[in-house]
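Asks: Could you have a look at this structure, given as structure tokens, before my questions?
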Amino acid sequence: MSGSGIPTWEEVARDHGRFLYTVAYRLTGNSDDAQDLVQEVLLKVRKGLETYQPGSLEGWLSRITTNTFLDEARRQRRRPVDLLPEEPDRVVPPSPGADVALAADALPDDVQAALRSLPDEYRAAVVMCDVVGLSYQEIGESLDVPVGTVRSRIHRGRALLRKSLR
Amino acid sequence: MSGFGSGTGGFGASAHLGDALSALLDGELTPSQEAAARAHVAGCPACAHELLAVTQARSWVRALPPVEPPFGLFERMLLERPQPVPGAFGARRSVRRRAGLAAVGAAAAAVTVLGLGSPSQPPVSPAVPRMVEAHATSASVGADLLSKLAPVGVPVSFGR
Amino acid sequence: MRSRVVTAALVVAMVGVAPALAAGPAPLERAREAAEHTAFEGVLHVRWRDGDVVRSERLTVEAAAGALVVHGRNRVMAGPAFGRLVSHGGGGWEEMWLPSLAPAHRPDGSKYVTTAPVDGPKVAGRASRVVEVRHQGALLERIYLDAETGLLLQRDQFDAQGAVVRTLAFESLTIGHTGSPPANPPSKAHHAPEAVAPEHLGRSAVAPGALADGYERMGIYRDGPVLHVLYSDGVYDLSVFQQPGRLRRSDVPPSGERVTVGRATGWRYPWPGGQLVVWSSAGRVFTAVSDAPADQVLTAVRSLPPAPTRELSLLGKVRRACQALMEPLG
């Protein structure tokens with residue numbers, strides 16, 4: 001440890017590599033892309049360590065990871081996706097007996113597949129909230145969007161997840 | 001600050017909570033907003049149902065386990081990248097380069113040996129750190145905790 | 001003749017009821033009980049040989065009320081109520097083991113010869129009693145136990161040339177209540193495996209009831225696609241993990257020592273608690289993890305029966321060999 005509270009690049013890779021890979025895997029949905037993303041992130045981490053302000057290292061790492069992921073995803077998208085349609089939220093009407101156990105446990109692979117099916121921005125918000133554990137404020141700052149947008153993306157992401165795992 | 005509900009504006013008995021339900025789950029509402037939301041959910045089956053749905057989705061994602069990186073991923077990355085801090089690895093750099101060349105030579109030999117395996121199976125990278133921990137935690141049952149379990153306090157890594 | 005009888009009597013008197021050479025790891029049993037019942041806190045220094053370098057880490061350990069916590073870059077927690085938990089790099093707790101999964105009874109360790117304890121040097125400032133673990137005459141380990149509590153103070157493992165392979169030693173140790181006992185953490189991700197009965201194993205699973213040299217099967221567990229078979233010889237434990245797939249040279253870290261397991265090429269790596277060997281054979285990737293010395297691990301895994309394979313036509317074999325040669329190097 002360098003003593004000043006700023007970790008070295010090796011320490012980040014060694015001590016937080018598993019966390020980084022987990023976030024990258026949950027965002028990209030497959031091992032090859034996750035490895036590429038982690039490699040990109042570590043390059044940026046190397047450059048960014050000089051200006052890193054000691055605080056939540058994992059928050060900082062997940063911010064870089066998610067933004068790198070979204071930048072790349074946007075670059076690769078063929079058509080722009082309208083993420084927040086203007087129509088008001090539709091409420092799912094309760095079906096008879098719906099209060100009886102909605103599916104007990106979902107297999108991690110199924111959950112990952114459902115995550116993968118979400119639009120990138122929704123997936124990023126859900127991962128930052130439920131995998132990394134950041135607050136809406138922190139997510140908004142990381143992605144440079146208002147808190148209301150964060151809230152919307154998380155909620156719609158979860159609703160879509162639930163629907164695809166019925 | 002966004003409105004309380006993203007429904008048709010304002011809130012009252014007729015407007016549904018929408019994404020405020022997730023804010024409620026994540027503890028992102030003020031105490032008074034939270035109280036009002038819970039009161040609404042108590043009287044609104046549609047929102048109660050939606051709350052249950054997003055609660056489940058949230059708990060499924062939260063329950064996802066960490067994912068083990070492929071065996072040796074970071075060690076290989078650390079080997080491939082030039083080190084910014086000469087002190088950490090500099091003295092051993094030439095050793096590692098030789099090891100790299102030896103590895104390629106070994107790989108050439110290994111391919112012919114491994115060729116007798118099963119190419120029809122997909123390549124898989126064992127989650128070694130997790131296996132080490134699974135071994136140590138199971139082996140520590142009914143045995144000396146210090147010798148069997150304490151070494152797990154050191155993260156498993158494979159580089160020099 | 002008479003002087004020999006007198007000497008033997010003196011020896012017996014000095015060590016109390018224990019005979020001069022005890023089979024089985026009774027001192028390790030006492031160390032286990034001490035770790036589970038004593039309250040203590042200390043700094044543990046772990047060192048292990050990795051090729052030509054010695055790696056070193058320090059961990060703090062605290063124990064009270066039957067629970068034990070190790071703080072390193074990972075944290076580890078053990079307790080009778082909740083099993084085994086691990087946390088990585090400051091992240092959340094993961095439940096690795098549950099009390100309901102308790103393995104079968106260990107063999108008695110009579111494969112080894114454990115010498116009677118004699119007075120030893122001070123370790124962490126405390127008086128010690130030393131035992132040696134020998135196998136077929138060769139010294140494998142030297143274990144230093146606290147004279148007062150029986151707690152393990154230091155444990156050194158040697159190779160055939162007498163060099164230290166790895167060592168674990170308290171640098172400082174305080175016995176007695178020094179703080180509040182480690183609490184059961186509130187939330188933990190569940191990673192404990194499921195126990196599998198032998199009759200429920202798939203046909204391609206390799207899980208013999210015993211391995212060469214006294215390793216007896218203690219349990220079988222499943223964690224997703226990975227099957228974990230746990231063996232023990234009474235002193236050392238050996239786990240064989242297996243999963244469908246194949247291993248490429250590029251999938252394993254370059255620092256491994258090349259070994260052969262039957263007709264397969266494998267790679268051996270040290271870890272702070274022992275050895276691990278990775279190889280693939282007949283469509284399965286095997287990972288063996290053990291605290292036994294390396295040569296024992298290799299002997300044991302070489303005694304695994306070959307996995308059942310489907311017979312290929314000659315054309316099929318030629319096709320496979322060509323595919324393999326096309327595999328990119330490294």
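In the structure tokens, chains take the letters A, B, ... in the order shown, each chain's residues start at 1, and ligands count up from 1 in the order shown.
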Each residue of chain C lying at most 6 Å from chain B should get a row with its shortest atom-to-atom pair and the distance in Å to one decimal, counting only C-alpha atoms; could you produce that, ordered by chain and increasing number, as CSV?
Replies:
residue,atom,partner,partner_atom,distance
C:Arg32,CA,B:Asp144,CA,4.0
C:Gly72,CA,B:Gly153,CA,4.6
C:Arg73,CA,B:Val154,CA,5.9
C:Asn74,CA,B:Gly153,CA,4.5
C:Arg75,CA,B:Gly153,CA,5.4
C:Ser239,CA,B:His135,CA,5.9
C:Gly245,CA,B:Gln121,CA,5.0
C:Arg246,CA,B:Pro123,CA,4.7
C:Leu247,CA,B:Pro123,CA,5.7
C:Arg249,CA,B:Ala107,CA,5.9
C:Asp251,CA,B:Ser125,CA,5.7
C:Val252,CA,B:Phe71,CA,5.9
C:Pro253,CA,B:Gly72,CA,4.7
C:Pro272,CA,B:Pro151,CA,5.5
C:Gly273,CA,B:Pro151,CA,5.2
C:Ser281,CA,B:Gly117,CA,5.9
C:Ala282,CA,B:Gly117,CA,5.7
C:Gly283,CA,B:Ser118,CA,5.1
C:Ala321,CA,B:Gly115,CA,5.4
C:Ala324,CA,B:Gly115,CA,4.6
C:Leu329,CA,B:Ala107,CA,5.9
C:Gly330,CA,B:Ala107,CA,5.5
Asks: Hey, list the chain A side of the contact with chain C: 9 Å cut-off, only C-alpha atoms, answer as a ChimeraX atom specification.
Replies: /A:15-16,18-19
Asks: Choose the residue, out of B:Ala36, B:Val54, B:Leu17, B:Leu25, that has the smallest atom-to-atom separation from chain A; count only C-alpha atoms.
Replies: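 Smallest separation from chain A among the options: B:Val54.
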Asks: What separation in Å, quoted to one decimal, exists between CA of Ser152 (chain A) and CA of Glu72 (chain A)?
Replies: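 Separation of CA of Ser152 (chain A) and CA of Glu72 (chain A): 22.4 Å.
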Asks: Quick one, how far is CA of Glu10 (chain A) from CA of Lys188 (chain C)?
Replies: 27.8 Å
Asks: Using only C-alpha atoms and a cut-off of 8 Å, which residues of chain B sit close to chain A? Please list them as a PyMOL selection string.
Replies: chain B and resi 1-2+6-8+16+18-23+28+45-47+49-50+53-54+56-58+60-62+64-69+74+77-78+155+157
Asks: Write the residues of the preceding selection, restricted to C-alpha atoms, as a short mmCIF file (atom, residue, chain, number, x, y, z; two decimals), in the first residue's frame.
Replies:
data_model
loop_
_atom_site.label_atom_id
_atom_site.label_comp_id
_atom_site.auth_asym_id
_atom_site.auth_seq_id
_atom_site.Cartn_x
_atom_site.Cartn_y
_atom_site.Cartn_z
CA MET B 1 -36.65 16.67 -7.09
CA SER B 2 -39.05 14.51 -9.04
CA SER B 6 -44.78 9.32 -12.16
CA GLY B 7 -48.42 8.66 -12.84
CA THR B 8 -50.87 11.22 -14.08
CA HIS B 16 -50.80 5.09 -8.86
CA GLY B 18 -45.34 3.94 -10.32
CA ASP B 19 -41.61 4.27 -9.79
CA ALA B 20 -42.14 5.64 -6.29
CA LEU B 21 -42.65 1.98 -5.40
CA SER B 22 -39.01 1.25 -6.15
CA ALA B 23 -37.97 4.38 -4.29
CA GLU B 28 -35.16 6.69 -1.12
CA PRO B 45 -54.43 -3.75 -4.94
CA ALA B 46 -52.82 -2.75 -8.23
CA CYS B 47 -49.94 -0.95 -6.54
CA HIS B 49 -49.27 -6.21 -6.74
CA GLU B 50 -46.71 -4.06 -8.53
CA ALA B 53 -43.36 -7.76 -8.41
CA VAL B 54 -40.53 -5.24 -8.11
CA GLN B 56 -39.14 -9.96 -6.13
CA ALA B 57 -37.06 -8.69 -9.03
CA ARG B 58 -34.96 -6.66 -6.61
CA TRP B 60 -33.42 -11.88 -7.18
CA VAL B 61 -30.76 -9.48 -8.40
CA ARG B 62 -29.52 -8.85 -4.86
CA LEU B 64 -26.93 -13.01 -7.38
CA PRO B 65 -23.61 -14.35 -6.22
CA PRO B 66 -20.29 -12.76 -7.15
CA VAL B 67 -18.85 -14.13 -10.37
CA GLU B 68 -15.45 -15.72 -10.29
CA PRO B 69 -13.06 -14.28 -12.90
CA PHE B 74 -5.69 -10.64 -13.42
CA MET B 77 -3.17 -8.83 -17.15
CA LEU B 78 -0.60 -7.79 -14.60
CA PRO B 155 -6.77 -14.08 -1.39
CA SER B 157 -3.50 -15.47 -6.65
#
Asks: List as a VMD selection string the protein and nucleic acid residues near Thr149 (chain C), meaning an atom at most 9 Å away when only C-alpha atoms are counted, but skip any in the same chain fewer than 6 places from it.
Replies: chain C and resid 30 to 31 34 38 175
Asks: Those selected residues, please, written with C-alpha atoms and delivered as a PDB file, in the first residue's frame.
Replies:
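As written to disk, out-v5.pdb reads:
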ATOM      1  CA  ARG C  30      -6.642 -30.878  21.383  1.00  0.00           C
ATOM      2  CA  ALA C  31      -5.653 -27.883  19.270  1.00  0.00           C
ATOM      3  CA  ALA C  34      -8.701 -25.193  22.161  1.00  0.00           C
ATOM      4  CA  THR C  38     -10.599 -20.532  24.160  1.00  0.00           C
ATOM      5  CA  ILE C 175      -5.352 -15.473  25.750  1.00  0.00           C
TER       6      ILE C 175
END
Asks: Write out as an MDAnalysis selection string each polymer residue whose atoms come within 12 Å of region 208-211 of chain C, counting only C-alpha atoms; drop sequence neighbours fewer than 5 positions from it.
Replies: chainID C and resid 107 198:199 201 216:220 229:233 237:240 296:307
Asks: Residues near Leu70 (chain A), anyone? I mean within 8 Å using only C-alpha atoms, not counting same-chain ones fewer than 3 positions away, as a PyMOL selection string.
Replies: chain A and resi 66-67+73-74+120-121+124
Asks: As an exercise, work out the distance from CA of Val235 (chain C) to CA of Pro25 (chain C) in Å and give it to one decimal place.
Replies: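 Answer for the CA of Val235 (chain C) to CA of Pro25 (chain C) separation: 6.8 Å.
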